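What follows is work_33.cif (mmCIF, C-alpha atoms).
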data_work
#
loop_
_atom_site.group_PDB
_atom_site.id
_atom_site.type_symbol
_atom_site.label_atom_id
_atom_site.label_comp_id
_atom_site.auth_asym_id
_atom_site.auth_seq_id
_atom_site.Cartn_x
_atom_site.Cartn_y
_atom_site.Cartn_z
ATOM 1 C CA MET A 977 166.264 110.774 112.732
ATOM 2 C CA PRO A 978 167.456 107.640 114.556
ATOM 3 C CA LEU A 979 171.005 106.665 113.753
ATOM 4 C CA PRO A 980 171.980 103.361 112.170
ATOM 5 C CA SER A 981 173.086 100.522 114.407
ATOM 6 C CA SER A 982 176.742 101.503 114.035
ATOM 7 C CA PRO A 983 176.850 105.305 114.346
ATOM 8 C CA ARG A 984 179.321 106.774 111.935
ATOM 9 C CA SER A 985 179.089 109.666 109.531
ATOM 10 C CA ARG A 986 178.140 109.134 105.898
ATOM 11 C CA SER A 987 181.734 109.787 104.904
ATOM 12 C CA GLY A 988 182.817 106.808 106.993
ATOM 13 C CA THR A 989 184.707 108.923 109.497
ATOM 14 C CA ALA A 990 184.216 108.863 113.249
ATOM 15 C CA GLN A 991 181.751 111.226 114.869
ATOM 16 C CA LEU A 992 181.535 113.101 118.129
ATOM 17 C CA GLY A 993 179.058 112.003 120.799
ATOM 18 C CA LEU A 994 177.972 113.640 124.054
ATOM 19 C CA GLY A 995 178.669 111.990 127.410
ATOM 20 C CA LEU A 996 176.698 113.071 130.479
ATOM 21 C CA ALA A 997 179.040 111.789 133.201
ATOM 22 C CA ALA A 998 180.019 115.286 134.356
ATOM 23 C CA VAL A 999 176.600 116.986 134.379
ATOM 24 C CA GLY A 1000 174.372 114.422 136.082
ATOM 25 C CA ARG A 1001 175.777 114.906 139.597
ATOM 26 C CA PRO A 1002 177.407 117.748 141.549
ATOM 27 C CA GLY A 1003 180.849 116.129 141.810
ATOM 28 C CA TYR A 1004 183.128 114.575 139.189
ATOM 29 C CA ILE A 1005 186.864 114.182 138.527
ATOM 30 C CA THR A 1006 187.289 116.390 135.436
ATOM 31 C CA LEU A 1007 189.950 119.049 136.020
ATOM 32 C CA GLY A 1008 188.631 122.600 136.017
ATOM 33 C CA ARG A 1009 185.038 121.509 136.496
ATOM 34 C CA ASP A 1010 184.772 123.448 139.762
ATOM 35 C CA ALA A 1011 185.106 126.675 137.759
ATOM 36 C CA ASP A 1012 182.985 125.525 134.822
ATOM 37 C CA LEU A 1013 179.828 124.862 136.820
ATOM 38 C CA PRO A 1014 177.906 127.400 138.917
ATOM 39 C CA ALA A 1015 177.911 127.378 142.701
ATOM 40 C CA ASP A 1016 174.294 126.255 142.487
ATOM 41 C CA ARG A 1017 174.543 122.575 141.721
ATOM 42 C CA SER A 1018 171.016 121.690 142.656
ATOM 43 C CA PRO A 1019 169.273 119.021 140.575
ATOM 44 C CA ALA A 1020 167.270 121.763 138.842
ATOM 45 C CA ALA A 1021 170.411 123.732 137.930
ATOM 46 C CA LEU A 1022 172.239 120.693 136.567
ATOM 47 C CA GLU A 1023 169.157 119.539 134.689
ATOM 48 C CA ALA A 1024 169.020 122.938 132.975
ATOM 49 C CA ARG A 1025 172.728 122.640 132.131
ATOM 50 C CA ALA A 1026 172.266 119.119 130.743
ATOM 51 C CA HIS A 1027 169.322 120.292 128.622
ATOM 52 C CA ALA A 1028 171.324 123.222 127.250
ATOM 53 C CA LEU A 1029 174.140 120.871 126.247
ATOM 54 C CA LEU A 1030 171.719 118.424 124.639
ATOM 55 C CA ASP A 1031 170.055 121.256 122.713
ATOM 56 C CA ALA A 1032 173.420 122.491 121.458
ATOM 57 C CA ALA A 1033 174.590 118.993 120.596
ATOM 58 C CA THR A 1034 171.447 118.246 118.609
ATOM 59 C CA ALA A 1035 171.666 121.560 116.752
ATOM 60 C CA ALA A 1036 175.247 120.692 115.808
ATOM 61 C CA GLY A 1037 174.290 117.263 114.469
ATOM 62 C CA ILE A 1038 175.502 115.133 117.369
ATOM 63 C CA GLY A 1039 173.312 112.054 117.455
ATOM 64 C CA TYR A 1040 174.948 109.800 120.073
ATOM 65 C CA VAL A 1041 174.301 110.361 123.793
ATOM 66 C CA ASP A 1042 175.953 108.316 126.557
ATOM 67 C CA THR A 1043 174.806 108.068 130.161
ATOM 68 C CA ALA A 1044 174.753 105.570 133.064
ATOM 69 C CA ARG A 1045 172.822 104.631 136.175
ATOM 70 C CA SER A 1046 175.695 105.886 138.344
ATOM 71 C CA TYR A 1047 175.832 109.365 136.796
ATOM 72 C CA GLY A 1048 173.635 110.819 139.514
ATOM 73 C CA ARG A 1049 170.421 111.943 137.813
ATOM 74 C CA ALA A 1050 171.786 111.975 134.271
ATOM 75 C CA GLU A 1051 169.288 109.404 133.004
ATOM 76 C CA GLN A 1052 166.439 111.465 134.464
ATOM 77 C CA PHE A 1053 167.779 114.666 132.908
ATOM 78 C CA LEU A 1054 168.100 112.956 129.546
ATOM 79 C CA ALA A 1055 164.607 111.458 129.778
ATOM 80 C CA SER A 1056 162.983 114.808 130.569
ATOM 81 C CA TRP A 1057 164.814 116.387 127.636
ATOM 82 C CA LEU A 1058 163.816 113.593 125.264
ATOM 83 C CA ARG A 1059 160.175 113.909 126.225
ATOM 84 C CA GLY A 1060 160.186 117.628 125.508
ATOM 85 C CA SER A 1061 162.498 117.846 122.508
ATOM 86 C CA GLY A 1062 161.092 115.233 120.164
ATOM 87 C CA ALA A 1063 164.680 114.300 119.268
ATOM 88 C CA GLU A 1064 165.657 110.681 118.640
ATOM 89 C CA PRO A 1065 169.384 110.305 119.246
ATOM 90 C CA PHE A 1066 171.149 106.990 119.637
ATOM 91 C CA VAL A 1067 170.883 106.588 123.432
ATOM 92 C CA ALA A 1068 173.389 104.411 125.289
ATOM 93 C CA SER A 1069 173.366 103.783 129.016
ATOM 94 C CA LYS A 1070 175.231 101.562 131.453
ATOM 95 C CA TRP A 1071 174.602 99.458 134.537
ATOM 96 C CA GLY A 1072 176.968 98.073 137.168
ATOM 97 C CA TYR A 1073 177.721 101.103 139.352
ATOM 98 C CA ARG A 1074 175.362 102.678 141.878
ATOM 99 C CA TYR A 1075 175.559 106.385 142.748
ATOM 100 C CA THR A 1076 176.094 106.752 146.504
ATOM 101 C CA ALA A 1077 177.218 110.373 147.105
ATOM 102 C CA GLY A 1078 173.808 111.700 148.141
ATOM 103 C CA TRP A 1079 174.230 114.786 145.948
ATOM 104 C CA ARG A 1080 177.362 115.888 147.811
ATOM 105 C CA THR A 1081 180.785 116.761 146.396
ATOM 106 C CA ASP A 1082 182.591 115.860 149.620
ATOM 107 C CA ALA A 1083 181.233 112.333 149.980
ATOM 108 C CA GLY A 1084 183.736 109.691 150.969
ATOM 109 C CA GLN A 1085 182.454 107.387 148.239
ATOM 110 C CA HIS A 1086 180.653 108.475 145.079
ATOM 111 C CA GLU A 1087 179.758 105.148 143.497
ATOM 112 C CA VAL A 1088 179.794 101.426 144.250
ATOM 113 C CA LYS A 1089 180.420 98.716 141.672
ATOM 114 C CA GLU A 1090 178.306 95.555 141.571
ATOM 115 C CA HIS A 1091 178.044 93.168 138.619
ATOM 116 C CA SER A 1092 175.529 90.762 140.115
ATOM 117 C CA ARG A 1093 172.334 89.553 138.490
ATOM 118 C CA ALA A 1094 170.311 91.338 141.177
ATOM 119 C CA ALA A 1095 172.084 94.619 140.447
ATOM 120 C CA PHE A 1096 171.518 94.196 136.727
ATOM 121 C CA GLU A 1097 167.822 93.419 137.076
ATOM 122 C CA ARG A 1098 167.269 96.361 139.412
ATOM 123 C CA GLN A 1099 169.160 98.834 137.250
ATOM 124 C CA TRP A 1100 167.748 97.513 133.976
ATOM 125 C CA ALA A 1101 164.242 98.136 135.325
ATOM 126 C CA GLU A 1102 165.233 101.668 136.389
ATOM 127 C CA THR A 1103 166.829 102.507 133.042
ATOM 128 C CA ARG A 1104 163.959 100.984 131.078
ATOM 129 C CA ASP A 1105 161.414 103.029 133.050
ATOM 130 C CA LEU A 1106 163.256 106.248 132.213
ATOM 131 C CA LEU A 1107 164.660 105.637 128.739
ATOM 132 C CA GLY A 1108 162.740 102.646 127.378
ATOM 133 C CA PRO A 1109 161.381 104.242 124.180
ATOM 134 C CA TRP A 1110 164.775 105.640 123.227
ATOM 135 C CA LEU A 1111 167.354 103.180 124.608
ATOM 136 C CA ARG A 1112 169.397 101.520 121.875
ATOM 137 C CA LEU A 1113 172.462 100.223 123.743
ATOM 138 C CA TYR A 1114 172.877 98.933 127.310
ATOM 139 C CA GLN A 1115 176.431 98.429 128.536
ATOM 140 C CA VAL A 1116 178.174 96.749 131.443
ATOM 141 C CA HIS A 1117 179.881 99.593 133.277
ATOM 142 C CA SER A 1118 183.632 99.142 133.695
ATOM 143 C CA LEU A 1119 184.045 95.455 132.963
ATOM 144 C CA THR A 1120 187.344 94.170 134.375
ATOM 145 C CA ALA A 1121 189.012 90.814 134.927
ATOM 146 C CA ASP A 1122 187.646 90.498 138.467
ATOM 147 C CA SER A 1123 183.993 90.947 137.484
ATOM 148 C CA GLN A 1124 181.706 88.091 138.449
ATOM 149 C CA LEU A 1125 179.927 88.524 135.125
ATOM 150 C CA TRP A 1126 182.350 86.226 133.333
ATOM 151 C CA THR A 1127 181.148 83.121 135.171
ATOM 152 C CA ASP A 1128 177.626 84.072 136.293
ATOM 153 C CA ARG A 1129 175.487 82.053 133.915
ATOM 154 C CA ALA A 1130 172.218 83.420 135.293
ATOM 155 C CA LEU A 1131 173.400 86.984 134.686
ATOM 156 C CA LEU A 1132 174.600 86.154 131.184
ATOM 157 C CA ALA A 1133 171.236 84.576 130.391
ATOM 158 C CA ALA A 1134 169.430 87.673 131.686
ATOM 159 C CA LEU A 1135 171.598 89.887 129.499
ATOM 160 C CA ALA A 1136 170.899 87.692 126.496
ATOM 161 C CA GLU A 1137 167.170 88.186 127.090
ATOM 162 C CA VAL A 1138 167.636 91.936 126.797
ATOM 163 C CA ARG A 1139 169.512 91.435 123.551
ATOM 164 C CA ALA A 1140 166.751 89.174 122.250
ATOM 165 C CA GLY A 1141 164.278 91.956 123.049
ATOM 166 C CA GLY A 1142 166.000 94.285 120.621
ATOM 167 C CA VAL A 1143 168.386 96.319 122.787
ATOM 168 C CA GLU A 1144 172.027 96.045 121.813
ATOM 169 C CA LEU A 1145 174.560 95.054 124.487
ATOM 170 C CA GLY A 1146 178.027 96.439 125.087
ATOM 171 C CA PHE A 1147 180.565 97.051 127.827
ATOM 172 C CA SER A 1148 182.946 99.757 128.954
ATOM 173 C CA THR A 1149 186.467 99.207 130.245
ATOM 174 C CA SER A 1150 188.868 100.882 132.630
ATOM 175 C CA GLY A 1151 192.216 100.188 134.243
ATOM 176 C CA PRO A 1152 195.653 99.163 132.949
ATOM 177 C CA ALA A 1153 194.407 95.835 131.505
ATOM 178 C CA GLN A 1154 191.814 97.332 129.155
ATOM 179 C CA ALA A 1155 193.178 95.542 126.090
ATOM 180 C CA ASP A 1156 192.763 92.132 127.718
ATOM 181 C CA THR A 1157 189.220 93.009 128.780
ATOM 182 C CA VAL A 1158 188.278 94.181 125.282
ATOM 183 C CA ARG A 1159 189.433 90.911 123.735
ATOM 184 C CA ARG A 1160 187.862 88.757 126.419
ATOM 185 C CA GLY A 1161 184.568 90.640 126.328
ATOM 186 C CA LEU A 1162 184.218 90.374 122.579
ATOM 187 C CA ALA A 1163 184.954 86.648 122.695
ATOM 188 C CA LEU A 1164 182.151 86.040 125.220
ATOM 189 C CA THR A 1165 179.237 84.108 123.718
ATOM 190 C CA VAL A 1166 175.781 83.074 124.915
ATOM 191 C CA ASP A 1167 173.826 80.463 122.964
ATOM 192 C CA GLY A 1168 176.562 80.462 120.353
ATOM 193 C CA ARG A 1169 176.347 84.200 119.632
ATOM 194 C CA PRO A 1170 178.656 87.022 120.721
ATOM 195 C CA LEU A 1171 176.979 88.769 123.637
ATOM 196 C CA PHE A 1172 178.438 92.218 122.983
ATOM 197 C CA THR A 1173 178.581 94.274 119.797
ATOM 198 C CA SER A 1174 179.881 97.571 121.220
ATOM 199 C CA VAL A 1175 182.825 98.542 123.404
ATOM 200 C CA GLN A 1176 183.571 101.833 125.167
ATOM 201 C CA THR A 1177 187.176 102.299 126.223
ATOM 202 C CA THR A 1178 189.492 104.997 127.520
ATOM 203 C CA TRP A 1179 191.981 105.939 124.817
ATOM 204 C CA ASN A 1180 193.844 109.209 124.592
ATOM 205 C CA LEU A 1181 197.277 110.546 123.750
ATOM 206 C CA LEU A 1182 198.479 109.732 127.262
ATOM 207 C CA GLU A 1183 196.890 106.259 127.495
ATOM 208 C CA ARG A 1184 197.110 104.253 124.256
ATOM 209 C CA SER A 1185 197.493 100.727 125.610
ATOM 210 C CA ALA A 1186 194.174 99.428 124.220
ATOM 211 C CA GLY A 1187 194.742 100.652 120.666
ATOM 212 C CA ASP A 1188 195.580 97.319 119.055
ATOM 213 C CA ALA A 1189 192.657 95.559 120.755
ATOM 214 C CA LEU A 1190 190.287 98.301 119.613
ATOM 215 C CA ALA A 1191 191.578 98.008 116.054
ATOM 216 C CA GLU A 1192 190.825 94.274 116.203
ATOM 217 C CA ALA A 1193 187.339 95.001 117.558
ATOM 218 C CA HIS A 1194 186.606 97.471 114.792
ATOM 219 C CA ALA A 1195 187.868 95.056 112.135
ATOM 220 C CA ALA A 1196 185.454 92.445 113.510
ATOM 221 C CA GLY A 1197 182.504 94.815 113.106
ATOM 222 C CA THR A 1198 182.201 95.958 116.719
ATOM 223 C CA ARG A 1199 181.334 99.586 117.421
ATOM 224 C CA VAL A 1200 184.255 101.332 119.144
ATOM 225 C CA VAL A 1201 183.417 104.278 121.410
ATOM 226 C CA VAL A 1202 186.246 106.259 122.998
ATOM 227 C CA LYS A 1203 185.756 107.905 126.385
ATOM 228 C CA GLU A 1204 188.029 110.266 128.306
ATOM 229 C CA ALA A 1205 189.738 111.432 125.127
ATOM 230 C CA LEU A 1206 190.930 114.539 126.990
ATOM 231 C CA ALA A 1207 192.210 112.453 129.922
ATOM 232 C CA ASN A 1208 189.697 113.999 132.355
ATOM 233 C CA GLY A 1209 190.920 117.458 131.404
ATOM 234 C CA ARG A 1210 194.656 116.768 131.666
ATOM 235 C CA LEU A 1211 195.078 117.201 127.912
ATOM 236 C CA ALA A 1212 193.170 120.480 127.844
ATOM 237 C CA ALA A 1213 194.784 122.154 130.839
ATOM 238 C CA ALA A 1214 196.641 125.364 130.043
ATOM 239 C CA GLY A 1215 200.277 125.400 131.069
ATOM 240 C CA SER A 1216 200.579 121.648 131.473
ATOM 241 C CA PRO A 1217 203.930 120.191 130.328
ATOM 242 C CA ALA A 1218 201.974 117.421 128.605
ATOM 243 C CA THR A 1219 200.209 119.939 126.367
ATOM 244 C CA ALA A 1220 203.022 122.370 125.491
ATOM 245 C CA GLY A 1221 203.486 120.953 121.983
ATOM 246 C CA LEU A 1222 199.746 120.679 121.478
ATOM 247 C CA ALA A 1223 199.324 124.339 122.436
ATOM 248 C CA ARG A 1224 201.728 125.365 119.684
ATOM 249 C CA ALA A 1225 199.891 123.213 117.152
ATOM 250 C CA ALA A 1226 196.565 124.650 118.284
ATOM 251 C CA ARG A 1227 197.792 128.211 117.797
ATOM 252 C CA GLU A 1228 198.951 127.378 114.270
ATOM 253 C CA LEU A 1229 195.553 125.844 113.458
ATOM 254 C CA GLY A 1230 193.563 128.635 115.108
ATOM 255 C CA VAL A 1231 191.731 126.373 117.563
ATOM 256 C CA ALA A 1232 191.951 125.441 121.232
ATOM 257 C CA VAL A 1233 193.984 122.486 122.465
ATOM 258 C CA ASP A 1234 190.906 120.353 123.101
ATOM 259 C CA ALA A 1235 190.018 120.445 119.395
ATOM 260 C CA VAL A 1236 193.496 119.260 118.372
ATOM 261 C CA VAL A 1237 193.405 116.405 120.901
ATOM 262 C CA LEU A 1238 189.932 115.274 119.864
ATOM 263 C CA ALA A 1239 190.849 115.520 116.185
ATOM 264 C CA ALA A 1240 193.806 113.207 116.812
ATOM 265 C CA VAL A 1241 191.465 110.644 118.388
ATOM 266 C CA LEU A 1242 188.814 111.019 115.685
ATOM 267 C CA ALA A 1243 191.532 110.328 113.115
ATOM 268 C CA GLN A 1244 192.192 106.832 114.445
ATOM 269 C CA PRO A 1245 190.907 104.441 111.754
ATOM 270 C CA TRP A 1246 189.225 102.134 114.267
ATOM 271 C CA VAL A 1247 187.111 104.759 116.067
ATOM 272 C CA ASP A 1248 183.356 105.104 115.524
ATOM 273 C CA VAL A 1249 182.368 107.579 118.258
ATOM 274 C CA VAL A 1250 184.445 109.883 120.482
ATOM 275 C CA LEU A 1251 182.602 111.203 123.518
ATOM 276 C CA SER A 1252 182.731 114.856 124.486
ATOM 277 C CA GLY A 1253 182.501 115.376 128.223
ATOM 278 C CA ALA A 1254 181.772 119.086 127.921
ATOM 279 C CA VAL A 1255 179.998 120.789 130.823
ATOM 280 C CA THR A 1256 179.427 124.141 129.098
ATOM 281 C CA VAL A 1257 178.039 124.947 125.667
ATOM 282 C CA ALA A 1258 181.233 126.884 124.916
ATOM 283 C CA GLN A 1259 183.302 123.774 125.643
ATOM 284 C CA LEU A 1260 181.073 121.709 123.397
ATOM 285 C CA GLU A 1261 181.418 124.252 120.586
ATOM 286 C CA SER A 1262 185.199 124.136 120.989
ATOM 287 C CA ASN A 1263 185.140 120.320 120.966
ATOM 288 C CA LEU A 1264 183.067 120.388 117.775
ATOM 289 C CA ARG A 1265 185.828 122.210 115.919
ATOM 290 C CA ALA A 1266 187.706 118.912 115.992
ATOM 291 C CA THR A 1267 185.279 117.385 113.504
ATOM 292 C CA GLY A 1268 186.461 119.633 110.677
ATOM 293 C CA LEU A 1269 190.112 119.629 111.638
ATOM 294 C CA ALA A 1270 192.636 117.683 109.589
ATOM 295 C CA VAL A 1271 195.584 116.616 111.709
ATOM 296 C CA GLY A 1272 198.398 114.319 110.713
ATOM 297 C CA PRO A 1273 199.761 111.364 112.667
ATOM 298 C CA ASP A 1274 202.621 113.557 113.869
ATOM 299 C CA VAL A 1275 200.237 115.286 116.304
ATOM 300 C CA ALA A 1276 200.326 112.200 118.496
ATOM 301 C CA ASP A 1277 204.108 112.593 118.709
ATOM 302 C CA LEU A 1278 203.610 115.879 120.554
ATOM 303 C CA VAL A 1279 202.564 113.931 123.669
ATOM 304 C CA VAL A 1280 204.622 111.275 125.411
ATOM 305 C CA PRO A 1281 202.257 108.454 126.440
ATOM 306 C CA GLU A 1282 202.426 107.137 129.971
ATOM 307 C CA PRO A 1283 202.702 103.478 130.931
ATOM 308 C CA ALA A 1284 199.175 102.254 131.589
ATOM 309 C CA PRO A 1285 199.721 101.460 135.309
ATOM 310 C CA GLU A 1286 201.134 104.953 135.850
ATOM 311 C CA TYR A 1287 198.263 106.606 133.995
ATOM 312 C CA TRP A 1288 195.567 104.764 135.926
ATOM 313 C CA ALA A 1289 197.275 105.299 139.266
ATOM 314 C CA GLY A 1290 197.279 109.029 138.523
ATOM 315 C CA ARG A 1291 193.646 108.976 137.491
ATOM 316 C CA SER A 1292 192.671 107.275 140.743
ATOM 317 C CA ARG A 1293 194.149 110.248 142.629
ATOM 318 C CA LEU A 1294 192.112 112.900 140.840
ATOM 319 C CA PRO A 1295 189.865 114.761 143.295
ATOM 320 C CA TRP A 1296 186.103 115.012 142.875
ATOM 321 C CA HIS A 1297 185.266 118.643 142.060
#
Would you write out, as C-alpha cells, the structure that this file holds?
Amino acid sequence: MPLPSSPRSRSGTAQLGLGLAAVGRPGYITLGRDADLPADRSPAALEARAHALLDAATAAGIGYVDTARSYGRAEQFLASWLRGSGAEPFVASKWGYRYTAGWRTDAGQHEVKEHSRAAFERQWAETRDLLGPWLRLYQVHSLTADSQLWTDRALLAALAEVRAGGVELGFSTSGPAQADTVRRGLALTVDGRPLFTSVQTTWNLLERSAGDALAEAHAAGTRVVVKEALANGRLAAAGSPATAGLARAARELGVAVDAVVLAAVLAQPWVDVVLSGAVTVAQLESNLRATGLAVGPDVADLVVPEPAPEYWAGRSRLPWH
C-alpha cells in the first residue's frame, strides 16, 4: 500500500527506510563495504544485490526507499524491481549530482555537483522516465549556501511546476553548516508557498549540529529524514574508540552496535524516517532490530560528538571502496 504523505508508523514513531547510495555503483565511502560486496561488481551483480535488499525490506515492512541520479544505476535497479514486484513504496529520489566514475572504484572523481536549471531539467526527465509512476518526492541533492538555486528564478519556477504536477519537493544537506541550510531551505517560497516540505540531513551521534533546526522543521510539519545515521560505518566499526561504550550497551541488549545506534536516532522526537544504508540482507536484518529496541537518552552520552567542521573534514577523507 502507498504510504501517507508524511511516512511515519501508526504509533507515531519514526520508521526505518532503505537508502540505495551504496548498492547502485561499484564504489562508495562506507567503511567495510569492500568486504561486504562480492568481487564481481558488475551492473548485473549489483542489481541482484539491490533487488535482494528491496525484497527483504518490503517483507520487513519498510515502505520508504531513497535513491538519486548520482547513485550510479540505483534508479534503474529500483525501477526494474518495482516493475517486477508490484510493490508501491514511497519512492524518493534526488537531482543535482551527476555520476562520473564510469563504473570504476579507482576513478579520480565519482560525481559532479550542478544545481543549474539545465541540470535539473535533464535529470528530472531521466528520473521521470525511470520512476514516474512511483516517484513521490524529488529532492535537491546536497543543498548548501553556495548553490545557485537560491537566486535562480527560472530554476525555482521549474521546480514549482513539478510540485504543481503532484510530486513533492525536498532537499538534502551536507557540510558543517547544515542547520543554516535547513532553516534557509524551509523558508524559501515560490508564489507565496513554501517550495519544500521534506528535508534529508546527516545526523548521528558524532554529528548532531543540525538537531535544533530539524526539531524546528518537524514542528512546522516538514518531513525529517536522517541519512548517514551510522556515520558511513564509523559507528558500527568493531574496535573503534568511538563505539566502545556502545559495544557494551549492545552486548547487554543482545544486539549489534548498529541497532543501538539506529535506535538512538529513531528515538529523536523530530525524526520521521531514518535511512538504512545496508549492503547485505544480514546488515538490513541487524538494522531492523533497532525498530523494536527501547533505548534511553543516556545512550547518546556513550559517544562524544565531534565539532561539525572536524566531522565533515574527516568524512571528506574517507576512501571510495
Worksheet item: Got a sec to resolve the PyMOL selection byres ((chain A and resi 1079) around 10) on this structure and send the residues as an MDAnalysis selection string?
Response: chainID A and resid 1000:1003 1017:1019 1048:1049 1075:1078 1080:1083 1086
Item to complete: Using all atoms listed in the file, pick whichever of A:Thr989, A:Leu1022, A:Pro1170, A:Gly1215 has the shortest atom-to-atom distance to Gln1244 (chain A).
Response: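 Closest to Gln1244 (chain A), using all atoms listed in the file: A:Thr989.
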Item to complete: Would you mind listing what lies within 10 Å of Ala1032 (chain A) as a list of chain:residue names, with all atoms listed in the file counted and same-chain residues fewer than 6 positions away left out?
Response: A:Ala1026, A:Ile1038, A:Thr1256, A:Val1257, A:Ala1258, A:Leu1260, A:Glu1261
Worksheet entry | Radius query 9 Å about (186.1, 115.4, 115.3), atoms used: all atoms listed in the file, as a list in words |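 It turns out the residues near that spot are Thr989, Ala990, Gln991, Leu992, Ala1235, Val1236, Leu1238, Ala1239, Ala1240, Val1241, Leu1242, Ala1243, Val1250, Asn1263, Leu1264, Arg1265, Ala1266, Thr1267, Gly1268, Leu1269 and Ala1270 of chain A.
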Worksheet item: Applied to the shown file, which residues does the PyMOL selection byres ((chain A and resi 1118) around 6) return, written as an NGL selection string?
Response: :A and (1117 or 1119 or 1148-1150)
Fill in: CA of Ala1050 (chain A) to CA of Trp1071 (chain A), distance in Å rounded to a single decimal
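That distance, rounded to one decimal, is 12.8 Å.
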When the PyMOL selection byres ((chain A and resi 1094-1102) around 8) is applied to the file above, which residues end up in the set, as a tab-separated table (two decimals) with C-alpha atoms, keeping the file's coordinate frame?
chain	number	residue	atom	x	y	z
A	1045	ARG	CA	172.82	104.63	136.18
A	1071	TRP	CA	174.60	99.46	134.54
A	1072	GLY	CA	176.97	98.07	137.17
A	1090	GLU	CA	178.31	95.56	141.57
A	1091	HIS	CA	178.04	93.17	138.62
A	1092	SER	CA	175.53	90.76	140.12
A	1093	ARG	CA	172.33	89.55	138.49
A	1103	THR	CA	166.83	102.51	133.04
A	1104	ARG	CA	163.96	100.98	131.08
A	1105	ASP	CA	161.41	103.03	133.05
A	1106	LEU	CA	163.26	106.25	132.21
A	1131	LEU	CA	173.40	86.98	134.69
